[in-house]
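Chemist: Supplied in structure tokens, the structure appears directly below.
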Amino acid sequence: MEVLVYLIPMSIFLGGVGLFGFLYTLKSKQYDDPEGDARRILNGEWDDRPKSD
Amino acid sequence: MSHGSISACPACNAAPLAEKIATDITPDGAVILTLPTIHCAACIAAVERHLNAMTDVKSARVNLTLKRVNIETDSHVPVDVLIRALADIGYEAHELDPALLVQSEMERASRRLLTRLAVAGFAMMNVMLLSVAVWSGADGITRDMFHWISAMIAVPATIFSAQPFFVSAWKALRVRRLNMDVPISLAILLALGTSIYETNLSGEHAYFDAAISLTFFLLAGRYLDHKTRSVARSAAQELSALEVPRAVVRRDGHDKTVNVKSLAIGDIVVLRPGARLAVDGDIVEGTSEVDRSILTGETRPEFVGVGTSLRAGELNLTGPLLVRATAVGQDTSLHQISELVAIAESGRSKYTSIADKAASLYAPGVHVLSALSFVGWYLFTWDLRMALNIASAVLIITCPCALGLAVPAVTTAASGRLYKKGLLVKSATALERLAQVDTVIFDKTGTLTNGAPHLSRMPIIDATDLQIALALAMQSQHPLSQPLAKALKCSKITPALLEDVKEIPGFGVEARFGVVPVRLGRAEWVDALPVLGTASYMSIGDKVPVAFEFQDSLREGAKDLIQDLTSRGLDVHILSGDTESAVADVARQLCVKNCTSNETPISKAAFVTNLQLQGRNVLMIGDGLNDTAALTSANVSISPSSALDAARVASDIVFLGARLDNLVGVVHLAHQSQRRIRENFQIASLYNVIAVPIAIAGLATPLIAALAMSLSSITVTVNALRMK
């Protein structure tokens with residue numbers, strides 16, 4: 001059962017990574033234009049780095 | 001869904017004429033344009049590339065979901081330049097008023113809800129993972145440790161996520177009322193409290209998972225509810241933003257486009273044909289005809305000349321006018337009607353939704369039940385800890401998780417269905433109120449009809465004369481000439497060759513056919529005897545002048561809608577500000593028996609209130625300013641997207657597009673959704689009937705609570721999705 005000492009923190013940590021990932025995407029307005037973003041990958045023009053907003 | 005079909009949009013009318021006019025309104029250089037036709041990756045690229053290549057544009061970013069482009073410019077770039085640039089590469093663009101599109105409180109609220117939902121979801125998954133271990137038999141120190149870890153996750157997560165419920169419960173309690181959030185909050189807090197207490201004493205049952213999953217499910221319901229309404233509202237908001245409040249004003253001999261807010265009394269406003277007046281004023285130059293239907297419902301254009309008083313909201317039809325402003329902003333007659341609306345509004349807020357009604361029955365019941373089981377067990381065993389445990393188990397199990405979802409799940413499904421048909425449901429309780437409706441009142445002009453005339457009777461004249469009529473009609477932008485030209489072209493008539501054609505604003509068109517002078521226009525101008533109703537008159541030389549009669553054409557699908565409503569046993573009335581003959585005519589075509597004409601805004605509202613006093617539930621469908629007060633006093637109201645802003649704001653549902661048959665089945669859907677809501681309440685009660693005795697008997701475990709809660713929530717949601 002000692003393995004729980006590792007497993008529980010790991011599961012909570014991984015869940016936390018997911019949560020913060022989601023909150024980050026929410027904060028950086030990545031859900032504002034889902035349709036446009038889906039189509040933009042088909043665009044032939046791209047930048048080498050993200051535009052500073 | 002297309003926003004391109006909106007006709008009453010001053011921006012569209014202004015576009016071709018705005019070329020000469022300098023614009024002084026892009027103070028911070030931020031422009032938002034709506035692009036109704038973009039739909040693909042190539043469109044995004046083309047629009048952005050073209051705009052970014054312009055020297056004055058700092059950046060342009062397309063939002064395909066909203067079909068908009070946000071442009072940052074070096075200030076003082078006229079918006080028309082951008083619109084024309086887009087027209088050059090084949091994209092229709094209209095300006096939106098950025099002031100009306102700032103990220104609303106509603107959007108921020110929905111983002112906050114989503115954050116809370118994410119936190120609750122994260123915590124729920126982790127706590128459930130630990131709970132499964134406990135349910136499958138962990139005991140002793142392992143169970144205690146699992147409980148403590150659960151507590152560490154669940155307590156902060158719940159306190160953060162469940163805030164909306166706490167806040168709303170507190171608000172209700174402060175005014176000594178009970179809403180659904182009171183038992184919810186109490187159950188969540190009790191579950192956390194007793195669980196911490198139990199864990200501290202190495203107890204067997206902890207309800208951390210129940211507290212957090214309850215929060216998650218309820219937040220999900222609330223988020224869905226919020227989202228559907230904010231989608232409908234932002235679509236409605238976009239309609240308002242399309243009407244950028246601008247006016248052309250003549251100062252020091254120059255024409256300038258300015259914001260309506262900056263107009264002052266005494267300003268000379270230039271009113272082009274096709275534009276709506278933003279101020280009250282007197283004409284100082286020019287003659288024309290104006291359409292007052294938005295204020296009065298009267299369809300016949302009225303002749304105006306120097307000295308005539310005009311009111312804000314009236315539409316100039318033929319000739320350019322100069323108007324000296326006599327009242328601006330709050331003082332215009334347009335604005336005074338909104339006071340009527342405010343009065344009527346206070347009446348409607350009395351409506352209690354079915355969810356509130358259920359809560360007012362349910363909440364006291366739950367609390368009494370829980371208190372009774374506490375007292376009962378305490379008297380029976382004299383064990384305070386056990387009695388408290390059982391009481392909180394009762395509260396947790398009866399907690400209205402399914403009840404909290406019962407209404408939002410159904411309204412979300414129904415509103416989503418209506419949204420696809422082009423109906424924007426702005427109010428949360430609109431469908432509920434719609435289901436109770438037994439009387440429907442229609443406005444005529446602009447609602448049942450298109451608000452645009454078409455040729456109804458042609459005079460009996462020979463073919464050459466018809467050719468002359470066509471040639472004259474083609475030379476004019478007048479709202480009667482255009483349908484006349486269209487009708488004549490449809491009957492395969494070719495235009496005659498005319499010379500010296502000129503249009504005289506406010507009167508008509510005149511020309512020479514060979515040596516014979518010909519005229520098409522107003523009765524007195526061509527020396528004709530006026531007929532009843534709307535008509536255009538033609539004189540050819542010395543011949544007796546003839547009349548082309550016009551009628552307002554019915555909206556497509558109007559008949560289907562009225563049939564649908566009457567077949568459901570609803571009373572249909574037509575209430576119009578137009579003349580008796582015009583109203584009676586429409587009523588006959590639509591087989592409606594009850595109609596009244598020559599109504600004023602106030603008498604319309606009074607008519608509605610009168611019906612309500614007789615115990616009727618009234619649905620009002622209207623578009624004009626003269627309907628606004630009636631729209632607000634009715635139990636529920638619908639307006640077309642072409643309606644005036646004030647009317648759209650006053651109504652609960654806005655429908656897009658010109659066809660009325662989109663509204664067929666709305667009442668049916670409202671009834672159906674009410675049925676689903678009632679079923680959902682029954683399902684939720686059924687779960688309680690089974691689970692409550694178990695809880696009172698002291699046999700409830702966290703596993704049973706979790707099962708009951710999840711099962712009832714899922715059944716309720718699935719039932720809501722069954723809607724057709």
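Going by the structure tokens order, chains are called A, B, ..., each with residues numbered from 1, while ligands are numbered from 1 in the order shown.
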Quick one: everything within 7 Å of range 39-45 of chain A, counting only C-alpha atoms, minus sequence neighbours fewer than 2 positions away in the same chain. Send it as JSON, numbers by chain.
Modeler: {"A": [35, 36, 37], "B": [40, 41, 45]}
Chemist: If you count only C-alpha atoms, which residues fall within 9 Å of Val269 in chain B, apart from same-chain ones fewer than 3 positions away, as a ChimeraX atom specification?
Modeler: /B:247-250,263,277-279,281,321-325
Chemist: For the selection just defined, write its residues with N, CA and C atoms to a file, as a compact mmCIF listing (two decimals), in the first residue's frame.
Modeler:
```
# COMPACT_ATOMS: atom_id res chain seq x y z
N ALA B 247 -25.45 60.87 -37.65
CA ALA B 247 -26.26 61.79 -38.43
C ALA B 247 -25.30 62.68 -39.21
N VAL B 248 -25.80 63.18 -40.35
CA VAL B 248 -24.99 64.11 -41.12
C VAL B 248 -25.45 65.52 -40.77
N VAL B 249 -24.53 66.36 -40.37
CA VAL B 249 -24.91 67.68 -39.93
C VAL B 249 -24.16 68.72 -40.79
N ARG B 250 -24.84 69.83 -41.11
CA ARG B 250 -24.21 70.87 -41.92
C ARG B 250 -23.75 72.00 -41.03
N LEU B 263 -25.26 65.98 -31.26
CA LEU B 263 -26.15 66.96 -31.88
C LEU B 263 -26.74 67.90 -30.83
N LEU B 277 -34.55 59.95 -39.34
CA LEU B 277 -34.23 61.16 -38.60
C LEU B 277 -33.91 60.82 -37.14
N ALA B 278 -32.86 61.43 -36.61
CA ALA B 278 -32.44 61.13 -35.24
C ALA B 278 -32.90 62.17 -34.24
N VAL B 279 -33.45 63.29 -34.74
CA VAL B 279 -33.88 64.36 -33.83
C VAL B 279 -35.32 64.75 -34.19
N GLY B 281 -37.53 67.91 -35.39
CA GLY B 281 -37.12 69.18 -35.99
C GLY B 281 -38.09 69.67 -37.03
N LEU B 321 -33.47 66.54 -47.45
CA LEU B 321 -34.10 67.57 -46.61
C LEU B 321 -33.05 68.17 -45.69
N LEU B 322 -33.23 69.43 -45.35
CA LEU B 322 -32.46 70.02 -44.27
C LEU B 322 -33.42 70.26 -43.12
N VAL B 323 -33.05 69.78 -41.95
CA VAL B 323 -33.95 69.85 -40.80
C VAL B 323 -33.25 70.58 -39.66
N ARG B 324 -33.92 71.59 -39.10
CA ARG B 324 -33.34 72.24 -37.93
C ARG B 324 -33.85 71.53 -36.68
N ALA B 325 -32.89 71.06 -35.86
CA ALA B 325 -33.25 70.26 -34.68
C ALA B 325 -33.97 71.12 -33.65
```
Chemist: Between CA of Leu51 in chain B and CA of Arg49 in chain A, measure the distance and give it in Å to one decimal.
Modeler: 20.9 Å
Chemist: Pick out each residue of chain A that DSSP on the backbone tags as alpha helix (DSSP H); I need them as a PDB file with C-alpha atoms, in the first residue's frame.
Modeler:
```pdb
ATOM      1  CA  LEU A   4      -0.221   5.172  -2.568  1.00  0.00           C
ATOM      2  CA  VAL A   5       2.208   7.702  -1.162  1.00  0.00           C
ATOM      3  CA  TYR A   6       3.375   8.294  -4.731  1.00  0.00           C
ATOM      4  CA  LEU A   7       0.215   7.551  -6.621  1.00  0.00           C
ATOM      5  CA  ILE A   8      -2.151   9.938  -4.866  1.00  0.00           C
ATOM      6  CA  PRO A   9       0.073  13.029  -5.170  1.00  0.00           C
ATOM      7  CA  MET A  10       0.774  12.073  -8.771  1.00  0.00           C
ATOM      8  CA  SER A  11      -2.888  11.767  -9.666  1.00  0.00           C
ATOM      9  CA  ILE A  12      -3.682  15.069  -7.972  1.00  0.00           C
ATOM     10  CA  PHE A  13      -0.729  16.729  -9.676  1.00  0.00           C
ATOM     11  CA  LEU A  14      -1.755  15.481 -13.115  1.00  0.00           C
ATOM     12  CA  GLY A  15      -5.326  16.585 -12.535  1.00  0.00           C
ATOM     13  CA  GLY A  16      -3.980  19.966 -11.426  1.00  0.00           C
ATOM     14  CA  VAL A  17      -1.930  20.289 -14.622  1.00  0.00           C
ATOM     15  CA  GLY A  18      -5.101  19.687 -16.612  1.00  0.00           C
ATOM     16  CA  LEU A  19      -7.013  22.232 -14.546  1.00  0.00           C
ATOM     17  CA  PHE A  20      -4.377  24.938 -14.920  1.00  0.00           C
ATOM     18  CA  GLY A  21      -4.062  24.166 -18.604  1.00  0.00           C
ATOM     19  CA  PHE A  22      -7.784  24.726 -18.985  1.00  0.00           C
ATOM     20  CA  LEU A  23      -7.779  27.916 -16.936  1.00  0.00           C
ATOM     21  CA  TYR A  24      -4.855  29.199 -19.030  1.00  0.00           C
ATOM     22  CA  THR A  25      -6.694  28.573 -22.299  1.00  0.00           C
ATOM     23  CA  LEU A  26      -9.791  30.219 -20.857  1.00  0.00           C
ATOM     24  CA  LYS A  27      -7.865  33.267 -19.744  1.00  0.00           C
ATOM     25  CA  PRO A  34     -13.406  28.071 -32.111  1.00  0.00           C
ATOM     26  CA  GLU A  35     -14.612  27.937 -35.713  1.00  0.00           C
ATOM     27  CA  GLY A  36     -12.043  30.393 -37.057  1.00  0.00           C
ATOM     28  CA  ASP A  37      -9.189  28.743 -35.181  1.00  0.00           C
ATOM     29  CA  ALA A  38     -10.172  25.383 -36.617  1.00  0.00           C
ATOM     30  CA  ARG A  39      -9.930  26.783 -40.139  1.00  0.00           C
ATOM     31  CA  ARG A  40      -6.785  28.797 -39.628  1.00  0.00           C
TER      32      ARG A  40
END
```
Chemist: Check every residue of chain B for an atom within 9 Å of chain A, counting only C-alpha atoms, and provide those that qualify as a list in words.
Modeler: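 Result: His39, Cys40, Ala41, Ala42, Ile44, Ala45, Val62, Asn63, Leu64, Thr65, Leu66, Arg111, Leu114, Thr115, Ala118, Val119, Gly121, Phe122, Ala123, Met125, Asn126 and Leu130 of chain B.
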Chemist: Take the selection from the previous step and output its residues with C-alpha atoms, as a PDB file, in the first residue's frame.
Modeler:
```pdb
ATOM      1  CA  HIS B  39     -17.320  31.191 -44.130  1.00  0.00           C
ATOM      2  CA  CYS B  40     -13.935  29.567 -44.799  1.00  0.00           C
ATOM      3  CA  ALA B  41     -10.199  29.643 -44.241  1.00  0.00           C
ATOM      4  CA  ALA B  42      -9.662  31.367 -47.582  1.00  0.00           C
ATOM      5  CA  ILE B  44     -10.181  34.743 -43.329  1.00  0.00           C
ATOM      6  CA  ALA B  45      -6.885  34.925 -45.146  1.00  0.00           C
ATOM      7  CA  VAL B  62     -11.207  37.959 -38.188  1.00  0.00           C
ATOM      8  CA  ASN B  63     -13.468  36.113 -35.791  1.00  0.00           C
ATOM      9  CA  LEU B  64     -15.214  33.476 -37.896  1.00  0.00           C
ATOM     10  CA  THR B  65     -17.542  32.286 -35.139  1.00  0.00           C
ATOM     11  CA  LEU B  66     -19.044  35.741 -34.799  1.00  0.00           C
ATOM     12  CA  ARG B 111     -16.435  32.945 -17.984  1.00  0.00           C
ATOM     13  CA  LEU B 114     -16.848  28.141 -16.477  1.00  0.00           C
ATOM     14  CA  THR B 115     -13.825  28.630 -14.195  1.00  0.00           C
ATOM     15  CA  ALA B 118     -13.586  23.510 -14.151  1.00  0.00           C
ATOM     16  CA  VAL B 119     -12.394  23.659 -10.556  1.00  0.00           C
ATOM     17  CA  GLY B 121     -14.881  19.110 -12.099  1.00  0.00           C
ATOM     18  CA  PHE B 122     -11.218  18.686 -11.217  1.00  0.00           C
ATOM     19  CA  ALA B 123     -11.968  18.304  -7.519  1.00  0.00           C
ATOM     20  CA  MET B 125     -12.773  13.560 -10.228  1.00  0.00           C
ATOM     21  CA  ASN B 126     -10.048  13.362  -7.617  1.00  0.00           C
ATOM     22  CA  LEU B 130     -10.579   8.361  -3.411  1.00  0.00           C
TER      23      LEU B 130
END
```
Chemist: Fewer than 4 positions away in the same chain doesn't count, so skip those; otherwise give me all residues within 8 Å of Asp209 in chain B, counting only C-alpha atoms, as a list in words.
Modeler: Met124, Val127, Met128, Ser131, Ser150, Ala154, Ser213, Pro702 and Ala706 of chain B
Chemist: Determine, counting only C-alpha atoms, which protein, DNA and RNA residues have an atom within 12 Å of an atom of Leu613 in chain B; residues of the same chain fewer than 4 positions away are not included. Present the result as number ranges by chain.
Modeler: B: 606-609, 617-618, 633-635
Chemist: Residues at most 10 Å from Asn200 in chain B, counting only C-alpha atoms, excluding those fewer than 3 positions away in the same chain, as a list of chain:residue names?
Modeler: B:Asp144, B:His147, B:Trp148, B:Thr194, B:Ser195, B:Ile196, B:Tyr197, B:Gly203
Chemist: Please list as an MDAnalysis selection string every residue within 12 Å of Leu317 in chain B, counting only C-alpha atoms and excluding residues in the same chain fewer than 2 positions away.
Modeler: chainID B and resid 13 271:277 287:292 300:304 314:315 319:321 476:481 505:508
